[in-house]
file start.cif (mmCIF, C-alpha atoms)
data_start
loop_
_atom_site.label_atom_id
_atom_site.label_comp_id
_atom_site.auth_asym_id
_atom_site.auth_seq_id
_atom_site.Cartn_x
_atom_site.Cartn_y
_atom_site.Cartn_z
CA MET X 1 119.66 90.47 102.68
CA LYS X 2 119.82 91.31 98.98
CA TRP X 3 118.08 94.35 97.51
CA GLY X 4 117.12 94.71 93.86
CA VAL X 5 116.91 98.19 92.36
CA LEU X 6 114.97 98.46 89.11
CA HIS X 7 116.48 100.37 86.21
CA PHE X 8 114.10 101.70 83.58
CA PRO X 9 115.23 103.81 80.62
CA GLY X 10 115.17 107.30 82.16
CA SER X 11 115.58 106.27 85.81
CA ASN X 12 118.20 108.48 87.43
CA ASP X 13 118.38 107.63 91.13
CA GLU X 14 119.13 103.93 90.77
CA ARG X 15 122.85 104.36 91.47
CA ASP X 16 122.24 106.67 94.44
CA THR X 17 119.97 103.97 95.81
CA ILE X 18 122.62 101.28 95.30
CA TYR X 19 125.16 103.56 97.00
CA ALA X 20 122.85 104.16 99.95
CA LEU X 21 122.09 100.47 100.36
CA GLU X 22 125.63 99.14 99.88
CA SER X 23 128.14 101.78 100.89
CA VAL X 24 126.18 103.43 103.69
CA LEU X 25 123.85 100.73 105.01
CA GLY X 26 126.00 97.67 104.26
CA TYR X 27 123.47 95.56 102.33
CA HIS X 28 123.98 93.68 99.09
CA ALA X 29 122.22 95.43 96.25
CA ARG X 30 122.04 94.96 92.51
CA LEU X 31 120.45 96.62 89.52
CA LEU X 32 117.61 94.84 87.74
CA TRP X 33 117.03 95.87 84.12
CA HIS X 34 113.52 96.72 82.94
CA GLY X 35 113.63 93.85 80.45
CA ASP X 36 114.43 91.22 83.10
CA ARG X 37 111.72 88.68 83.73
CA ASN X 38 112.81 87.63 87.21
CA LEU X 39 114.05 89.40 90.30
CA ALA X 40 117.25 87.37 90.76
CA ASP X 41 116.21 86.12 94.22
CA CYS X 42 116.26 89.60 95.72
CA ASP X 43 114.61 89.94 99.14
CA ALA X 44 113.35 93.49 98.67
CA ILE X 45 112.75 95.67 95.60
CA VAL X 46 113.15 99.41 95.08
CA LEU X 47 111.64 101.34 92.17
CA PRO X 48 113.87 104.43 92.08
CA GLY X 49 113.22 108.01 91.10
CA GLY X 50 113.76 109.54 87.69
CA PHE X 51 111.80 109.99 84.50
CA SER X 52 111.14 106.48 83.26
CA TYR X 53 110.36 106.44 79.53
CA GLY X 54 110.70 110.22 79.52
CA ASP X 55 107.50 110.57 81.57
CA TYR X 56 105.71 110.18 78.22
CA LEU X 57 101.90 109.95 78.30
CA ARG X 58 101.79 110.09 82.14
CA CYS X 59 104.53 109.69 84.74
CA GLY X 60 105.06 105.98 85.30
CA ALA X 61 102.45 104.90 82.75
CA LEU X 62 104.81 103.18 80.32
CA ALA X 63 107.21 101.68 82.88
CA ARG X 64 104.28 99.78 84.27
CA PHE X 65 104.28 97.56 81.17
CA SER X 66 107.99 96.65 81.36
CA PRO X 67 108.60 92.89 81.53
CA VAL X 68 110.18 93.26 84.99
CA MET X 69 106.97 94.76 86.39
CA GLU X 70 105.14 91.45 86.01
CA ALA X 71 107.70 89.86 88.29
CA VAL X 72 107.38 92.81 90.71
CA ALA X 73 103.58 92.44 90.79
CA ASP X 74 103.89 88.71 91.58
CA PHE X 75 106.53 89.45 94.24
CA ALA X 76 104.30 92.13 95.80
CA LYS X 77 101.27 89.84 95.79
CA SER X 78 103.24 87.14 97.58
CA GLY X 79 104.11 89.62 100.34
CA GLY X 80 107.58 90.73 99.20
CA PRO X 81 108.67 94.20 100.34
CA VAL X 82 108.45 96.73 97.47
CA LEU X 83 109.36 100.40 97.82
CA GLY X 84 108.57 103.05 95.20
CA ILE X 85 110.41 106.35 95.49
CA CYS X 86 109.18 109.40 93.54
CA ASN X 87 108.87 108.12 89.94
CA GLY X 88 108.82 104.62 91.45
CA PHE X 89 105.76 105.68 93.49
CA GLN X 90 104.11 106.91 90.29
CA VAL X 91 104.86 103.57 88.59
CA LEU X 92 103.31 101.60 91.49
CA CYS X 93 100.16 103.74 91.34
CA GLU X 94 99.89 103.31 87.57
CA ALA X 95 100.37 99.56 88.02
CA GLY X 96 97.48 99.45 90.48
CA LEU X 97 99.74 98.15 93.25
CA LEU X 98 99.01 101.32 95.25
CA PRO X 99 95.83 103.42 95.38
CA GLY X 100 95.47 106.91 93.89
CA ALA X 101 97.60 108.81 91.40
CA LEU X 102 100.15 111.63 91.24
CA VAL X 103 99.57 114.76 89.19
CA GLN X 104 101.34 118.06 88.58
CA ASN X 105 102.16 120.12 91.67
CA ARG X 106 99.39 122.56 92.44
CA GLY X 107 101.81 125.52 92.26
CA LEU X 108 103.12 124.29 88.85
CA LYS X 109 106.71 124.54 90.14
CA PHE X 110 109.28 121.78 90.46
CA ARG X 111 109.98 121.58 94.20
CA CYS X 112 113.44 120.65 95.47
CA VAL X 113 113.51 121.16 99.25
CA PRO X 114 113.97 119.22 102.49
CA ALA X 115 110.52 118.08 103.65
CA THR X 116 109.50 117.22 107.18
CA LEU X 117 107.33 114.12 107.27
CA THR X 118 105.21 112.59 110.00
CA VAL X 119 105.16 108.81 110.18
CA GLU X 120 101.44 108.01 110.25
CA ASN X 121 101.73 104.22 110.18
CA ASN X 122 104.79 102.54 111.66
CA THR X 123 103.68 98.98 110.98
CA THR X 124 104.64 98.75 107.29
CA ALA X 125 107.68 96.98 105.83
CA PHE X 126 109.39 100.36 105.46
CA THR X 127 108.37 102.12 108.68
CA LEU X 128 108.76 99.56 111.47
CA GLY X 129 112.01 101.28 112.43
CA TYR X 130 110.30 104.61 113.23
CA GLU X 131 108.43 105.53 116.39
CA ASP X 132 104.70 106.06 115.80
CA GLY X 133 104.20 109.71 114.92
CA ALA X 134 107.94 110.29 114.49
CA GLN X 135 109.10 113.15 112.29
CA ALA X 136 111.72 112.65 109.61
CA VAL X 137 113.40 115.18 107.33
CA ILE X 138 113.69 113.72 103.84
CA PRO X 139 114.27 115.75 100.66
CA ILE X 140 111.75 116.04 97.84
CA LYS X 141 112.52 116.86 94.20
CA HIS X 142 109.55 116.58 91.87
CA GLY X 143 107.21 118.43 89.53
CA GLU X 144 104.42 115.87 89.65
CA GLY X 145 104.00 114.87 93.28
CA CYS X 146 100.50 116.04 94.06
CA TYR X 147 98.75 112.96 95.42
CA VAL X 148 95.11 112.60 94.41
CA ALA X 149 92.42 110.01 95.08
CA ASP X 150 88.64 110.17 94.92
CA GLN X 151 86.67 110.56 98.14
CA SER X 152 85.79 106.88 98.48
CA THR X 153 89.42 105.79 97.94
CA LEU X 154 90.58 108.40 100.44
CA ALA X 155 88.10 107.17 103.04
CA GLU X 156 89.15 103.60 102.38
CA ILE X 157 92.89 104.23 102.77
CA GLN X 158 92.23 106.25 105.93
CA ASP X 159 90.18 103.43 107.41
CA HIS X 160 92.87 100.86 106.65
CA GLY X 161 95.86 102.85 107.86
CA GLN X 162 97.26 103.12 104.35
CA ILE X 163 98.44 106.71 104.74
CA VAL X 164 102.06 106.13 105.71
CA PHE X 165 103.64 109.61 105.59
CA ARG X 166 102.21 113.13 105.71
CA TYR X 167 103.98 116.44 105.05
CA THR X 168 104.00 118.81 108.01
CA SER X 169 103.99 121.62 105.46
CA ASN X 170 102.34 120.67 102.17
CA PRO X 171 104.75 121.43 99.29
CA ASN X 172 102.69 120.30 96.28
CA GLY X 173 98.96 120.40 97.01
CA SER X 174 98.63 116.69 97.84
CA ILE X 175 95.21 115.79 99.19
CA ASP X 176 95.23 115.48 102.99
CA ASP X 177 99.00 116.32 103.01
CA ILE X 178 99.76 112.78 101.87
CA ALA X 179 103.43 112.08 101.09
CA GLY X 180 103.32 108.27 101.02
CA VAL X 181 100.85 105.39 101.06
CA CYS X 182 100.91 101.60 101.29
CA ASN X 183 98.78 98.65 100.20
CA ARG X 184 96.46 96.95 102.69
CA GLU X 185 99.13 94.43 103.69
CA GLY X 186 101.82 97.06 104.27
CA ASN X 187 104.47 95.33 102.15
CA VAL X 188 104.20 97.80 99.25
CA VAL X 189 105.01 101.43 100.12
CA GLY X 190 105.36 104.45 97.85
CA LEU X 191 106.46 107.97 98.72
CA MET X 192 107.48 111.10 96.82
CA PRO X 193 110.38 112.10 99.16
CA HIS X 194 113.78 110.49 98.61
CA PRO X 195 114.98 108.43 101.61
CA GLU X 196 118.05 107.30 99.61
CA HIS X 197 119.23 110.93 99.70
CA ALA X 198 118.85 110.99 103.49
CA VAL X 199 121.17 108.23 104.71
CA ASP X 200 124.74 109.51 104.44
CA PRO X 201 125.96 111.77 107.30
CA LEU X 202 128.18 113.44 104.67
CA THR X 203 125.13 115.03 103.07
CA GLY X 204 123.52 116.18 106.30
CA VAL X 205 120.42 114.18 107.20
CA THR X 206 120.17 110.47 108.01
CA ASP X 207 116.43 110.26 108.73
CA GLY X 208 116.00 107.91 105.77
CA GLN X 209 118.09 105.16 107.34
CA PRO X 210 115.30 103.64 109.51
CA LEU X 211 113.14 103.32 106.40
CA PHE X 212 115.53 100.83 104.79
CA ARG X 213 116.43 99.17 108.12
CA SER X 214 112.73 98.52 108.75
CA VAL X 215 112.82 95.71 106.21
CA ASP X 216 115.14 93.70 108.49
CA GLN X 217 112.49 93.80 111.21
CA TRP X 218 109.75 93.02 108.70
CA LYS X 219 111.63 89.95 107.42
CA GLN X 220 112.32 88.74 110.96
CA ALA X 221 108.67 89.04 111.89
CA ALA X 222 107.55 87.21 108.73
CA MET F 1 90.05 98.23 56.52
CA ASP F 2 92.04 101.15 57.84
CA PHE F 3 90.64 103.34 60.59
CA VAL F 4 91.71 106.35 62.57
CA ALA F 5 90.68 106.79 66.19
CA ARG F 6 90.73 110.25 67.71
CA VAL F 7 91.04 109.99 71.48
CA TYR F 8 90.51 112.94 73.85
CA VAL F 9 91.73 112.68 77.44
CA VAL F 10 90.93 115.37 80.03
CA PRO F 11 91.40 115.63 83.81
CA LYS F 12 88.28 114.60 85.74
CA PRO F 13 86.18 117.54 86.98
CA ALA F 14 87.15 116.81 90.60
CA ILE F 15 90.89 116.95 89.79
CA LEU F 16 92.49 120.36 90.00
CA ASP F 17 94.09 121.22 86.65
CA PRO F 18 96.80 123.79 87.42
CA GLN F 19 97.87 124.09 83.77
CA GLY F 20 94.30 124.81 82.74
CA LYS F 21 94.06 127.43 85.51
CA ALA F 22 97.26 129.12 84.29
CA VAL F 23 95.95 129.24 80.70
CA GLU F 24 92.61 130.58 81.98
CA THR F 25 94.41 133.37 83.85
CA SER F 26 96.42 134.24 80.72
CA LEU F 27 93.29 134.38 78.57
CA HIS F 28 91.70 136.71 81.12
CA SER F 29 94.75 138.96 81.12
CA LEU F 30 94.55 139.12 77.29
CA GLY F 31 91.07 140.56 77.72
CA TYR F 32 88.96 137.47 77.03
CA GLU F 33 86.77 138.08 80.02
CA GLU F 34 84.08 135.71 78.74
CA VAL F 35 86.39 132.73 79.39
CA GLY F 36 85.22 130.44 82.16
CA ASP F 37 86.89 127.20 83.14
CA VAL F 38 89.79 125.92 80.99
CA ARG F 39 90.77 122.26 81.14
CA LEU F 40 93.97 121.05 79.48
CA GLY F 41 94.05 117.51 78.18
CA LYS F 42 95.57 115.33 75.49
CA TYR F 43 94.60 114.50 71.93
CA ILE F 44 95.80 111.12 70.70
CA GLU F 45 95.43 109.90 67.12
CA VAL F 46 95.66 106.15 66.60
CA LYS F 47 95.77 104.59 63.15
CA LEU F 48 94.65 100.98 63.15
CA SER F 49 93.11 98.30 61.00
CA GLY F 50 90.06 96.12 61.60
CA ASP F 51 87.09 94.44 60.00
CA GLY F 52 84.43 96.89 61.11
CA ALA F 53 83.80 99.99 63.19
CA ALA F 54 82.23 98.11 66.10
CA GLY F 55 85.23 95.84 66.58
CA VAL F 56 87.66 98.74 66.24
CA GLU F 57 85.72 100.77 68.81
CA ALA F 58 85.89 97.90 71.28
CA ARG F 59 89.66 97.67 70.79
CA VAL F 60 90.14 101.43 71.25
CA GLU F 61 87.98 101.39 74.36
CA GLU F 62 90.27 98.73 75.78
CA MET F 63 93.38 100.75 74.86
CA CYS F 64 91.93 103.76 76.69
CA ARG F 65 91.22 101.78 79.82
CA ARG F 66 94.55 99.96 79.87
CA LEU F 67 96.95 102.72 78.86
CA LEU F 68 95.82 105.89 77.14
CA ALA F 69 93.89 107.25 80.14
CA ASN F 70 94.23 106.75 83.89
CA GLU F 71 90.66 106.55 85.13
CA VAL F 72 91.71 107.60 88.62
CA ILE F 73 92.38 111.11 87.32
CA GLU F 74 91.16 111.31 83.72
CA ASP F 75 88.04 110.95 81.56
CA TYR F 76 88.25 109.98 77.91
CA ARG F 77 86.11 109.91 74.80
CA PHE F 78 86.91 108.98 71.23
CA ASP F 79 85.51 108.69 67.74
CA VAL F 80 86.49 106.26 65.00
CA GLU F 81 86.46 106.91 61.25
CA THR F 82 87.60 105.00 58.21
CA ALA F 83 90.95 106.38 57.09
#
call {"tool": "encode", "arguments": {"input": "start.cif", "output": "structure tokens"}}
result
Amino acid sequence: MKWGVLHFPGSNDERDTIYALESVLGYHARLLWHGDRNLADCDAIVLPGGFSYGDYLRCGALARFSPVMEAVADFAKSGGPVLGICNGFQVLCEAGLLPGALVQNRGLKFRCVPATLTVENNTTAFTLGYEDGAQAVIPIKHGEGCYVADQSTLAEIQDHGQIVFRYTSNPNGSIDDIAGVCNREGNVVGLMPHPEHAVDPLTGVTDGQPLFRSVDQWKQAA
Amino acid sequence: MDFVARVYVVPKPAILDPQGKAVETSLHSLGYEEVGDVRLGKYIEVKLSGDGAAGVEARVEEMCRRLLANEVIEDYRFDVETA
């Protein structure tokens, strides 16, 4: 399986993601530049963390209009697995591929801590490898990770099982402790925590490994 | 004709605005006790050309919806003047 990791101007976790996928998990992975118009036959796409386009205007707002995002939207609509991490989550929300939006942390502080998450839906492309209700420790590092959605959107994503991860201890004021959501089909997932920083035993936690491995199961089932 | 559009973007009332809250607290501590709610937003000035105000307003409206504001979290308003 070949993974494509998008690289926008201002991304900064794209190489960590490549390292996690290739050196730790043993997949093929390649960078895809923001100006690319195709996804080079990749089987799964990651939008990494960072500060694409300097976070100008709103986090993720400008990256959404990169040429590569048209290809990502088509890929997502045809059922391809797409993962947005941190800034990548913000980009997917701005692009309308995921519901809601991310705003400044309620406490105004940049939070950089290990977060304990509960897996609320283990049927998505990126959570099949977890037990239902499993807990995973995955680090967060963000200033704008407070998830918001209006009441009707919140009710809708609850009804359709689109809340994928919740914080056990809310670090940023996110509504309903939401750490990650998915689209209706479960092939597009976004989360603020960084699973790519939770795969290598050298750095302590490996709870992020099942997230990436889930895609193998998803592809087999497809 | 040349126009200038002045676009104001503010967080929706239902969205907590922690920056606005912090500024509100600071104004209170400076003694401005009459200050109520403070909302922090953005002011965007766009210079553009067009044949008439109505057409320009329609274009700016579209810009707001597509990029300048995120309607999930923000409200916007604007005015257009000849430059």
call {"tool": "residues_around", "arguments": {"input": "start.cif", "residues": "segment 193-201 of chain X", "least_positions_apart": "6", "cutoff": "7 Å", "atoms": "all atoms listed in the file", "output": "ChimeraX atom specification"}}
result
/X:16-17,20,24,85-86,138-140,207-209
call {"tool": "resolve_selection", "arguments": {"input": "start.cif", "expression": "the PyMOL selection byres ((chain X) within 9 of (chain F))", "output": "list in words"}}
result
Leu57, Arg58, Ala61, Leu62, Glu94, Pro99, Gly100, Ala101, Leu102, Val103, Gln104, Asn105, Arg106, Gly107, Leu108, Val148, Ala149 and Asp150 of chain X
call {"tool": "write_last_selection", "arguments": {"input": "start.cif", "atoms": "C-alpha atoms", "output": "short mmCIF file (atom, residue, chain, number, x, y, z; two decimals), keeping the file's coordinate frame"}}
result
data_model
loop_
_atom_site.label_atom_id
_atom_site.label_comp_id
_atom_site.auth_asym_id
_atom_site.auth_seq_id
_atom_site.Cartn_x
_atom_site.Cartn_y
_atom_site.Cartn_z
CA LEU X 57 101.90 109.95 78.30
CA ARG X 58 101.79 110.09 82.14
CA ALA X 61 102.45 104.90 82.75
CA LEU X 62 104.81 103.18 80.32
CA GLU X 94 99.89 103.31 87.57
CA PRO X 99 95.83 103.42 95.38
CA GLY X 100 95.47 106.91 93.89
CA ALA X 101 97.60 108.81 91.40
CA LEU X 102 100.15 111.63 91.24
CA VAL X 103 99.57 114.76 89.19
CA GLN X 104 101.34 118.06 88.58
CA ASN X 105 102.16 120.12 91.67
CA ARG X 106 99.39 122.56 92.44
CA GLY X 107 101.81 125.52 92.26
CA LEU X 108 103.12 124.29 88.85
CA VAL X 148 95.11 112.60 94.41
CA ALA X 149 92.42 110.01 95.08
CA ASP X 150 88.64 110.17 94.92
#
call {"tool": "resolve_selection", "arguments": {"input": "start.cif", "expression": "the PyMOL selection byres ((chain X and resi 124) around 8)", "output": "list in words"}}
result
Asn121, Asn122, Thr123, Ala125, Phe126, Thr127, Leu128, Val164, Cys182, Glu185, Gly186, Asn187, Val189 and Trp218 of chain X
call {"tool": "residues_around", "arguments": {"input": "start.cif", "residues": "Val56 of chain F", "least_positions_apart": "3", "cutoff": "10 Å", "atoms": "all atoms listed in the file", "output": "list in words"}}
result
Asp2, Phe3, Val4, Ala5, Leu48, Ser49, Gly50, Asp51, Gly52, Ala53, Arg59, Val60, Glu61, Glu62, Val80 and Glu81 of chain F
call {"tool": "atom_distance", "arguments": {"input": "start.cif", "atom1": "atom CA of Gln135 of chain X", "atom2": "atom CA of Arg213 of chain X"}}
result
16.3 Å
call {"tool": "atom_distance", "arguments": {"input": "start.cif", "atom1": "atom CA of Val91 of chain X", "atom2": "atom CA of Ala63 of chain X"}}
result
6.5 Å
call {"tool": "residues_near_point", "arguments": {"input": "start.cif", "point": "(99.0, 113.7, 98.4)", "cutoff": "10 Å", "atoms": "only C-alpha atoms", "output": "PyMOL selection string"}}
result
chain X and resi 100-103+105+145-149+163+165-167+170-181+191-192
call {"tool": "residues_around", "arguments": {"input": "start.cif", "residues": "Phe78 of chain F", "least_positions_apart": "5", "cutoff": "7 Å", "atoms": "all atoms listed in the file", "output": "VMD selection string"}}
result
chain F and resid 5 to 8
call {"tool": "atom_distance", "arguments": {"input": "start.cif", "atom1": "atom CA of Ser169 of chain X", "atom2": "atom CA of Asp132 of chain X"}}
result
18.7 Å
call {"tool": "axis_aligned_box", "arguments": {"input": "start.cif", "around": "segment 25-29 of chain F", "padding_each_side": "5 Å", "output": "JSON"}}
result
{"center_x": 94.1, "center_y": 136.2, "center_z": 81.2, "size_x": 14.7, "size_y": 15.6, "size_z": 15.3}
call {"tool": "residues_around", "arguments": {"input": "start.cif", "residues": "segment 39-54 of chain X", "least_positions_apart": "2", "cutoff": "6 Å", "atoms": "all atoms listed in the file", "output": "NGL selection string"}}
result
:X and (2-6 or 8-14 or 56 or 81-88)
call {"tool": "write_last_selection", "arguments": {"input": "start.cif", "atoms": "C-alpha atoms", "output": "compact mmCIF listing (two decimals), keeping the file's coordinate frame"}}
result
# COMPACT_ATOMS: atom_id res chain seq x y z
CA LYS X 2 119.82 91.31 98.98
CA TRP X 3 118.08 94.35 97.51
CA GLY X 4 117.12 94.71 93.86
CA VAL X 5 116.91 98.19 92.36
CA LEU X 6 114.97 98.46 89.11
CA PHE X 8 114.10 101.70 83.58
CA PRO X 9 115.23 103.81 80.62
CA GLY X 10 115.17 107.30 82.16
CA SER X 11 115.58 106.27 85.81
CA ASN X 12 118.20 108.48 87.43
CA ASP X 13 118.38 107.63 91.13
CA GLU X 14 119.13 103.93 90.77
CA TYR X 56 105.71 110.18 78.22
CA PRO X 81 108.67 94.20 100.34
CA VAL X 82 108.45 96.73 97.47
CA LEU X 83 109.36 100.40 97.82
CA GLY X 84 108.57 103.05 95.20
CA ILE X 85 110.41 106.35 95.49
CA CYS X 86 109.18 109.40 93.54
CA ASN X 87 108.87 108.12 89.94
CA GLY X 88 108.82 104.62 91.45
call {"tool": "closest_residue", "arguments": {"input": "start.cif", "among": "F:Met1, F:Val9, F:Ser29, F:Gly36", "to": "Asp75 of chain F", "atoms": "only C-alpha atoms"}}
result
F:Val9
call {"tool": "build_atoms", "arguments": {"input": "start.cif", "residues": "segment 41-51 of chain F", "atoms": "all heavy atoms", "output": "PDB file, in the frame of the given file"}}
result
ATOM      1  N   GLY F  41      93.957 118.961  78.271  1.00  0.00           N
ATOM      2  CA  GLY F  41      94.050 117.510  78.180  1.00  0.00           C
ATOM      3  C   GLY F  41      94.976 117.078  77.062  1.00  0.00           C
ATOM      4  O   GLY F  41      95.882 117.812  76.675  1.00  0.00           O
ATOM      5  N   LYS F  42      94.720 115.881  76.547  1.00  0.00           N
ATOM      6  CA  LYS F  42      95.570 115.330  75.490  1.00  0.00           C
ATOM      7  C   LYS F  42      94.683 114.886  74.328  1.00  0.00           C
ATOM      8  O   LYS F  42      93.559 114.431  74.525  1.00  0.00           O
ATOM      9  CB  LYS F  42      96.312 114.078  75.984  1.00  0.00           C
ATOM     10  CG  LYS F  42      97.259 114.322  77.114  1.00  0.00           C
ATOM     11  CD  LYS F  42      98.033 113.033  77.416  1.00  0.00           C
ATOM     12  CE  LYS F  42      98.878 113.190  78.658  1.00  0.00           C
ATOM     13  NZ  LYS F  42      98.154 112.746  79.866  1.00  0.00           N
ATOM     14  N   TYR F  43      95.244 115.011  73.130  1.00  0.00           N
ATOM     15  CA  TYR F  43      94.600 114.500  71.930  1.00  0.00           C
ATOM     16  C   TYR F  43      95.495 113.421  71.359  1.00  0.00           C
ATOM     17  O   TYR F  43      96.688 113.661  71.134  1.00  0.00           O
ATOM     18  CB  TYR F  43      94.401 115.640  70.929  1.00  0.00           C
ATOM     19  CG  TYR F  43      93.966 115.165  69.559  1.00  0.00           C
ATOM     20  CD1 TYR F  43      92.723 114.565  69.380  1.00  0.00           C
ATOM     21  CD2 TYR F  43      94.800 115.315  68.453  1.00  0.00           C
ATOM     22  CE1 TYR F  43      92.333 114.129  68.134  1.00  0.00           C
ATOM     23  CE2 TYR F  43      94.413 114.879  67.201  1.00  0.00           C
ATOM     24  CZ  TYR F  43      93.169 114.279  67.045  1.00  0.00           C
ATOM     25  OH  TYR F  43      92.786 113.831  65.809  1.00  0.00           O
ATOM     26  N   ILE F  44      94.988 112.237  71.182  1.00  0.00           N
ATOM     27  CA  ILE F  44      95.800 111.120  70.700  1.00  0.00           C
ATOM     28  C   ILE F  44      95.150 110.549  69.435  1.00  0.00           C
ATOM     29  O   ILE F  44      93.955 110.236  69.439  1.00  0.00           O
ATOM     30  CB  ILE F  44      95.897 110.000  71.769  1.00  0.00           C
ATOM     31  CG1 ILE F  44      96.416 110.576  73.094  1.00  0.00           C
ATOM     32  CG2 ILE F  44      96.788 108.851  71.302  1.00  0.00           C
ATOM     33  CD1 ILE F  44      96.224 109.640  74.289  1.00  0.00           C
ATOM     34  N   GLU F  45      95.936 110.449  68.366  1.00  0.00           N
ATOM     35  CA  GLU F  45      95.430 109.900  67.120  1.00  0.00           C
ATOM     36  C   GLU F  45      96.018 108.520  66.921  1.00  0.00           C
ATOM     37  O   GLU F  45      97.245 108.368  66.935  1.00  0.00           O
ATOM     38  CB  GLU F  45      95.855 110.814  65.973  1.00  0.00           C
ATOM     39  CG  GLU F  45      94.816 110.996  64.916  1.00  0.00           C
ATOM     40  CD  GLU F  45      95.235 112.087  63.933  1.00  0.00           C
ATOM     41  OE1 GLU F  45      96.233 111.909  63.217  1.00  0.00           O
ATOM     42  OE2 GLU F  45      94.564 113.120  63.913  1.00  0.00           O
ATOM     43  N   VAL F  46      95.183 107.525  66.761  1.00  0.00           N
ATOM     44  CA  VAL F  46      95.660 106.150  66.600  1.00  0.00           C
ATOM     45  C   VAL F  46      95.188 105.606  65.261  1.00  0.00           C
ATOM     46  O   VAL F  46      93.977 105.554  65.015  1.00  0.00           O
ATOM     47  CB  VAL F  46      95.130 105.235  67.737  1.00  0.00           C
ATOM     48  CG1 VAL F  46      95.695 103.825  67.611  1.00  0.00           C
ATOM     49  CG2 VAL F  46      95.469 105.817  69.108  1.00  0.00           C
ATOM     50  N   LYS F  47      96.150 105.236  64.417  1.00  0.00           N
ATOM     51  CA  LYS F  47      95.770 104.590  63.150  1.00  0.00           C
ATOM     52  C   LYS F  47      95.777 103.092  63.378  1.00  0.00           C
ATOM     53  O   LYS F  47      96.716 102.554  63.964  1.00  0.00           O
ATOM     54  CB  LYS F  47      96.757 104.983  62.058  1.00  0.00           C
ATOM     55  CG  LYS F  47      96.592 106.437  61.683  1.00  0.00           C
ATOM     56  CD  LYS F  47      97.415 106.839  60.490  1.00  0.00           C
ATOM     57  CE  LYS F  47      97.102 108.289  60.112  1.00  0.00           C
ATOM     58  NZ  LYS F  47      98.297 109.083  59.929  1.00  0.00           N
ATOM     59  N   LEU F  48      94.724 102.423  62.920  1.00  0.00           N
ATOM     60  CA  LEU F  48      94.650 100.980  63.150  1.00  0.00           C
ATOM     61  C   LEU F  48      93.799 100.324  62.077  1.00  0.00           C
ATOM     62  O   LEU F  48      93.084 101.005  61.329  1.00  0.00           O
ATOM     63  CB  LEU F  48      94.142 100.675  64.556  1.00  0.00           C
ATOM     64  CG  LEU F  48      92.693 100.930  64.934  1.00  0.00           C
ATOM     65  CD1 LEU F  48      92.432 100.343  66.311  1.00  0.00           C
ATOM     66  CD2 LEU F  48      92.363 102.408  64.978  1.00  0.00           C
ATOM     67  N   SER F  49      93.899  99.009  62.001  1.00  0.00           N
ATOM     68  CA  SER F  49      93.110  98.300  61.000  1.00  0.00           C
ATOM     69  C   SER F  49      92.131  97.364  61.710  1.00  0.00           C
ATOM     70  O   SER F  49      92.359  96.971  62.856  1.00  0.00           O
ATOM     71  CB  SER F  49      94.022  97.511  60.069  1.00  0.00           C
ATOM     72  OG  SER F  49      94.810  96.620  60.828  1.00  0.00           O
ATOM     73  N   GLY F  50      91.061  97.014  61.009  1.00  0.00           N
ATOM     74  CA  GLY F  50      90.060  96.120  61.600  1.00  0.00           C
ATOM     75  C   GLY F  50      88.997  95.793  60.579  1.00  0.00           C
ATOM     76  O   GLY F  50      88.975  96.376  59.488  1.00  0.00           O
ATOM     77  N   ASP F  51      88.110  94.883  60.947  1.00  0.00           N
ATOM     78  CA  ASP F  51      87.090  94.440  60.000  1.00  0.00           C
ATOM     79  C   ASP F  51      85.887  95.379  59.949  1.00  0.00           C
ATOM     80  O   ASP F  51      85.248  95.538  58.922  1.00  0.00           O
ATOM     81  CB  ASP F  51      86.602  93.027  60.375  1.00  0.00           C
ATOM     82  CG  ASP F  51      87.707  92.000  60.187  1.00  0.00           C
ATOM     83  OD1 ASP F  51      88.585  92.248  59.330  1.00  0.00           O
ATOM     84  OD2 ASP F  51      87.714  90.988  60.906  1.00  0.00           O
TER      85      ASP F  51
END
